[in-house]
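*Asks:* Take this structure, written in structure tokens, and hold onto it; I'll ask about it next.
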Amino acid sequence: MPFVKKSFFVSEPTALFLFVMKTLGISQGEAQRLIHKGRAQKDKNILLNSGEKIEGDISLYVFEPLESNDKIFTPIYKNKDFMIFDKPSGILIHPNTHEAGYSMLDVVRWHGGKTANIAHRLDKETSGLLIAALHKNAEIELKKAFENKAVQKEYLAWVDGELKENLSVTTRLKKSIDFSSNKHKVLVTQERGKVSTTDFFSLFYNKKLDATLVRCVPKTGRMHQIRVHLFHVKHRILGDPIYGVNFSAANRYLDDVLSEEERAYHTGAKRLMLHASRLDFRFQNDYFTFESEIDFTKMQSLITPLSQREKSIY
């Protein structure tokens with residue numbers, strides 16, 4: 001397990017953040033983030049006040065990479081500042097609970113040590129290019145580049161139906177707070193939504209599967225943007241268990257009880273058919289372009305035959 005519970009005894013009253021800093025050898029900001037995430041406990045009670053004076057028995061949940069390398073794969077590029085990985089579908093970026101198992105952070109720390117960190121977000125089910133910084137200065141610079149939209153990203157997606165023409169989709173998106181009628185985490189709305197734009201280019205249509213391979217170029221970086229935009233124009237991404245399926249199937253997926261066979265039937269594929277295929281960015285004085293080494297065209301073998309999948313819900 002990546003999170004290990006470690007027990008300590010504090011002999012005299014000490015500010016929680018100071019104890020965490022000194023014990024783990026980390027900065028004040030890192031200590032405060034760890035506390036904010038609920039990883040400090042006393043008598044099974046989570047400690048969230050970083051300035052609180054503590055003493056006695058204290059537990060910290062600390063991330064430690066897997067000791068075995070049987071799940072570790074190599075980066076496709078590495079220099080003194082960052083690494084590039086071709087992430088498989090189905091792997092979390094960061095462990096999201098104390099009990100969460102293997103994640104990309106295990107892979108990154110295996111290759112880069114304890115100072116290595118992932119520089120941007122990629123959904124668990126999305127495969128493809130991922131940047132990891134090898135030290136704090138590189139992490140700050142890379143994250144700032146993403147925040148400033150200085151990183152150009154492209155994706156490939158296998159979508160339901162024939163996308164006959166290239167198109168650009170601009171909508172307002174906001175996170176949902178009501179899941180009573182659907183399980184969509186992000187909604188298209190004119191009310192307090194954030195502007196989002198994605199350009200789509202039709203590359204290849206497989207008539208037998210009634211599926212189109214699409215190049216997706218997001219101009220903004222909203223949560224689930226590509227998935228929501230394609231659903232909005234009635235070309236859901238095949239394998240998407242949230243957008244384009246009925247309420248029951250989405251709920252069963254989120255409860256982790258949807259079988260592989262049910263998923264293939266309801267969503268049209270065994271995985272989310274979305275792949276981060278290209279990255280372009282400037283780092284310090286150099287310009288970098290990376291293309292995924294995975295042939296996503298061949299992934300159409302994961303698409304459920306047309307006669308064996310449920311019609312999507314729009």
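Chains: A, B, ... in order of the structure tokens. Residues: from 1 per chain. Ligands: from 1, in order shown.
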Hey, what's within 9 Å of A:Lys164 if we count only C-alpha atoms and toss same-chain stuff fewer than 3 positions away? As a PyMOL selection string, please?
*Replies:* chain A and resi 202+205+212
*Asks:* Would you please extract all strand (DSSP E or B) residues from stretch 156-234 of chain A, as assigned by DSSP on the backbone, and give them as JSON, numbers by chain?
*Replies:* {"A": [156, 157, 158, 159, 160, 167, 168, 169, 170, 171, 172, 173, 174, 175, 186, 187, 188, 194, 195, 196, 197, 198, 199, 200, 201, 202, 203, 204, 205, 206, 211, 212, 213, 214, 215, 216, 217, 218]}
*Asks:* Which residues come within 12 Å of stretch 25-28 of chain A, counting only C-alpha atoms, excluding same-chain residues fewer than 3 positions away, as a JSON list (two decimals) with N, CA and C atoms, in the first residue's frame?
*Replies:*
```
[["chain", "number", "residue", "atom", "x", "y", "z"],
["A", 15, "ALA", "N", 3.69, 22.70, 17.92],
["A", 15, "ALA", "CA", 2.74, 23.00, 16.83],
["A", 15, "ALA", "C", 2.74, 21.86, 15.82],
["A", 16, "LEU", "N", 1.56, 21.44, 15.41],
["A", 16, "LEU", "CA", 1.44, 20.27, 14.53],
["A", 16, "LEU", "C", 2.29, 20.43, 13.26],
["A", 17, "PHE", "N", 2.23, 21.60, 12.62],
["A", 17, "PHE", "CA", 2.97, 21.75, 11.36],
["A", 17, "PHE", "C", 4.47, 21.66, 11.58],
["A", 18, "LEU", "N", 4.95, 22.15, 12.73],
["A", 18, "LEU", "CA", 6.38, 22.06, 13.02],
["A", 18, "LEU", "C", 6.80, 20.61, 13.24],
["A", 19, "PHE", "N", 5.94, 19.85, 13.94],
["A", 19, "PHE", "CA", 6.23, 18.44, 14.16],
["A", 19, "PHE", "C", 6.32, 17.69, 12.83],
["A", 20, "VAL", "N", 5.36, 17.94, 11.92],
["A", 20, "VAL", "CA", 5.34, 17.26, 10.63],
["A", 20, "VAL", "C", 6.55, 17.66, 9.80],
["A", 21, "MET", "N", 6.89, 18.95, 9.80],
["A", 21, "MET", "CA", 8.06, 19.43, 9.04],
["A", 21, "MET", "C", 9.33, 18.73, 9.49],
["A", 22, "LYS", "N", 9.57, 18.75, 10.80],
["A", 22, "LYS", "CA", 10.82, 18.19, 11.33],
["A", 22, "LYS", "C", 10.86, 16.67, 11.20],
["A", 31, "ALA", "N", 3.97, 20.44, 4.65],
["A", 31, "ALA", "CA", 3.41, 19.94, 5.90],
["A", 31, "ALA", "C", 1.96, 20.36, 6.05],
["A", 32, "GLN", "N", 1.65, 21.60, 5.72],
["A", 32, "GLN", "CA", 0.27, 22.09, 5.84],
["A", 32, "GLN", "C", -0.66, 21.38, 4.86],
["A", 33, "ARG", "N", -0.15, 21.07, 3.67],
["A", 33, "ARG", "CA", -0.98, 20.33, 2.70],
["A", 33, "ARG", "C", -1.26, 18.92, 3.21],
["A", 34, "LEU", "N", -0.26, 18.28, 3.79],
["A", 34, "LEU", "CA", -0.44, 16.94, 4.34],
["A", 34, "LEU", "C", -1.50, 16.95, 5.44],
["A", 35, "ILE", "N", -1.43, 17.96, 6.32],
["A", 35, "ILE", "CA", -2.40, 18.08, 7.41],
["A", 35, "ILE", "C", -3.80, 18.33, 6.85],
["A", 50, "SER", "N", -3.33, 23.14, 11.65],
["A", 50, "SER", "CA", -1.88, 22.99, 11.56],
["A", 50, "SER", "C", -1.14, 23.68, 12.70],
["A", 51, "GLY", "N", -1.75, 24.68, 13.33],
["A", 51, "GLY", "CA", -1.10, 25.38, 14.42],
["A", 51, "GLY", "C", -1.41, 24.81, 15.79],
["A", 62, "VAL", "N", 1.88, 8.39, 5.57],
["A", 62, "VAL", "CA", 2.93, 8.88, 4.68],
["A", 62, "VAL", "C", 2.98, 8.04, 3.42],
["A", 114, "LYS", "N", 11.97, 10.82, -4.07],
["A", 114, "LYS", "CA", 10.87, 11.40, -3.27],
["A", 114, "LYS", "C", 10.53, 12.83, -3.66],
["A", 115, "THR", "N", 11.43, 13.53, -4.38],
["A", 115, "THR", "CA", 11.12, 14.90, -4.79],
["A", 115, "THR", "C", 10.35, 14.96, -6.10],
["A", 136, "LYS", "N", 11.50, 20.37, -7.19],
["A", 136, "LYS", "CA", 10.47, 21.35, -6.89],
["A", 136, "LYS", "C", 10.47, 22.52, -7.86]]
```
*Asks:* I'd like to know which residues of stretch 40-201 of chain A are helix (DSSP H, G or I) (by DSSP, run on the backbone); could you write them as an NGL selection string?
*Replies:* :A and (104-112 or 136-147)
*Asks:* Would you mind listing what lies within 7 Å of stretch 250-265 of chain A as a PyMOL selection string, with only C-alpha atoms counted and same-chain residues fewer than 3 positions away left out?
*Replies:* chain A and resi 183+241-242+245-247+268-270+304+308-310
*Asks:* Please build the interface table for stretch 74-188 of chain A against stretch 232-235 of chain A with a cut-off of 7 Å, listing for each qualifying residue the nearest atom pair and the distance in Å to one decimal; count only C-alpha atoms, order rows by chain and increasing number, and write it as a Markdown table.
*Replies:*
```
| residue | atom | partner | partner_atom | distance |
| --- | --- | --- | --- | --- |
| A:Val159 | CA | A:His235 | CA | 5.6 |
| A:Asp160 | CA | A:His235 | CA | 5.0 |
| A:Gly161 | CA | A:His235 | CA | 6.2 |
```
*Asks:* My list of candidates is A:Leu130, A:His224, A:Ala249, A:Asn148. Which is closest to A:Leu173 when distances are computed with only C-alpha atoms?
*Replies:* A:His224
*Asks:* Smallest atom-to-atom distance to A:Thr23: which of A:Val4, A:Ile58, A:Ile226, A:Ile84, using only C-alpha atoms?
*Replies:*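 For A:Thr23, the nearest of the candidates is A:Ile58.
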*Asks:* Rounded to one decimal, what separation in Å do you get between atom CA of A:Lys174 and atom CA of A:Gly221?
*Replies:*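 Atom CA of A:Lys174 sits 12.3 Å away from atom CA of A:Gly221.
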*Asks:* Find, counting only C-alpha atoms, the residue in A:Glu12, A:Glu293, A:Asp81, A:Asp178 that gets nearest to A:Ile54.
*Replies:*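 Answer, going by the shortest atom-to-atom distance: A:Glu12.
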*Asks:* Just how far from atom CA of A:Asn166 is atom CA of A:Met299, in Å to one decimal?
*Replies:*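 Distance between the two atoms: 21.8 Å.
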*Asks:* Using only C-alpha atoms, determine which residues lie at most 12 Å from A:Lys87, disregarding the query and same-chain residues fewer than 4 positions distant; provide the list as number ranges by chain.
*Replies:* A: 72-76, 83, 91-93, 103-105, 107-108, 118, 121-132, 274-277, 292-294
*Asks:* Any chance you could export the current selection's C-alpha atoms as a PDB file, in the first residue's frame?
*Replies:*
```pdb
ATOM      1  CA  ILE A  72       6.757  -0.227 -12.860  1.00  0.00           C
ATOM      2  CA  PHE A  73       7.218   0.864 -16.474  1.00  0.00           C
ATOM      3  CA  THR A  74       9.825   3.218 -17.876  1.00  0.00           C
ATOM      4  CA  PRO A  75       9.412   6.828 -19.042  1.00  0.00           C
ATOM      5  CA  ILE A  76       9.634   7.451 -22.773  1.00  0.00           C
ATOM      6  CA  MET A  83      10.113  12.762 -17.278  1.00  0.00           C
ATOM      7  CA  ILE A  91      -4.229   3.847 -13.327  1.00  0.00           C
ATOM      8  CA  LEU A  92      -4.888   6.653 -10.843  1.00  0.00           C
ATOM      9  CA  ILE A  93      -2.574   9.660 -10.978  1.00  0.00           C
ATOM     10  CA  SER A 103      -0.877   4.755  -8.779  1.00  0.00           C
ATOM     11  CA  MET A 104       1.263   6.746 -11.205  1.00  0.00           C
ATOM     12  CA  LEU A 105       2.892   8.399  -8.215  1.00  0.00           C
ATOM     13  CA  VAL A 107       5.944   4.910 -10.919  1.00  0.00           C
ATOM     14  CA  VAL A 108       7.129   8.520 -10.789  1.00  0.00           C
ATOM     15  CA  ILE A 118       3.262  14.795 -11.363  1.00  0.00           C
ATOM     16  CA  ARG A 121      -4.024  16.089 -14.221  1.00  0.00           C
ATOM     17  CA  LEU A 122      -5.013  13.102 -16.336  1.00  0.00           C
ATOM     18  CA  ASP A 123      -8.136  11.078 -15.558  1.00  0.00           C
ATOM     19  CA  LYS A 124      -7.686   7.515 -14.339  1.00  0.00           C
ATOM     20  CA  GLU A 125      -9.279   6.047 -17.460  1.00  0.00           C
ATOM     21  CA  THR A 126      -7.510   8.322 -19.950  1.00  0.00           C
ATOM     22  CA  SER A 127      -4.290   6.903 -21.340  1.00  0.00           C
ATOM     23  CA  GLY A 128      -1.343   8.745 -22.823  1.00  0.00           C
ATOM     24  CA  LEU A 129       1.279  11.403 -22.166  1.00  0.00           C
ATOM     25  CA  LEU A 130       1.974  12.554 -18.632  1.00  0.00           C
ATOM     26  CA  ILE A 131       4.688  14.945 -17.389  1.00  0.00           C
ATOM     27  CA  ALA A 132       6.417  14.442 -14.032  1.00  0.00           C
ATOM     28  CA  LEU A 274      -9.668   8.762 -24.848  1.00  0.00           C
ATOM     29  CA  HIS A 275      -5.900   9.099 -25.245  1.00  0.00           C
ATOM     30  CA  ALA A 276      -3.509  12.020 -24.593  1.00  0.00           C
ATOM     31  CA  SER A 277      -1.530  11.842 -27.818  1.00  0.00           C
ATOM     32  CA  SER A 292       2.621   9.082 -27.691  1.00  0.00           C
ATOM     33  CA  GLU A 293       4.270   5.839 -28.735  1.00  0.00           C
ATOM     34  CA  ILE A 294       0.969   3.961 -28.347  1.00  0.00           C
TER      35      ILE A 294
END
```
*Asks:* Can you work out the spacing between atom CA of A:Asp286 and atom CA of A:Lys149 in Å, to one decimal?
*Replies:* 17.0 Å
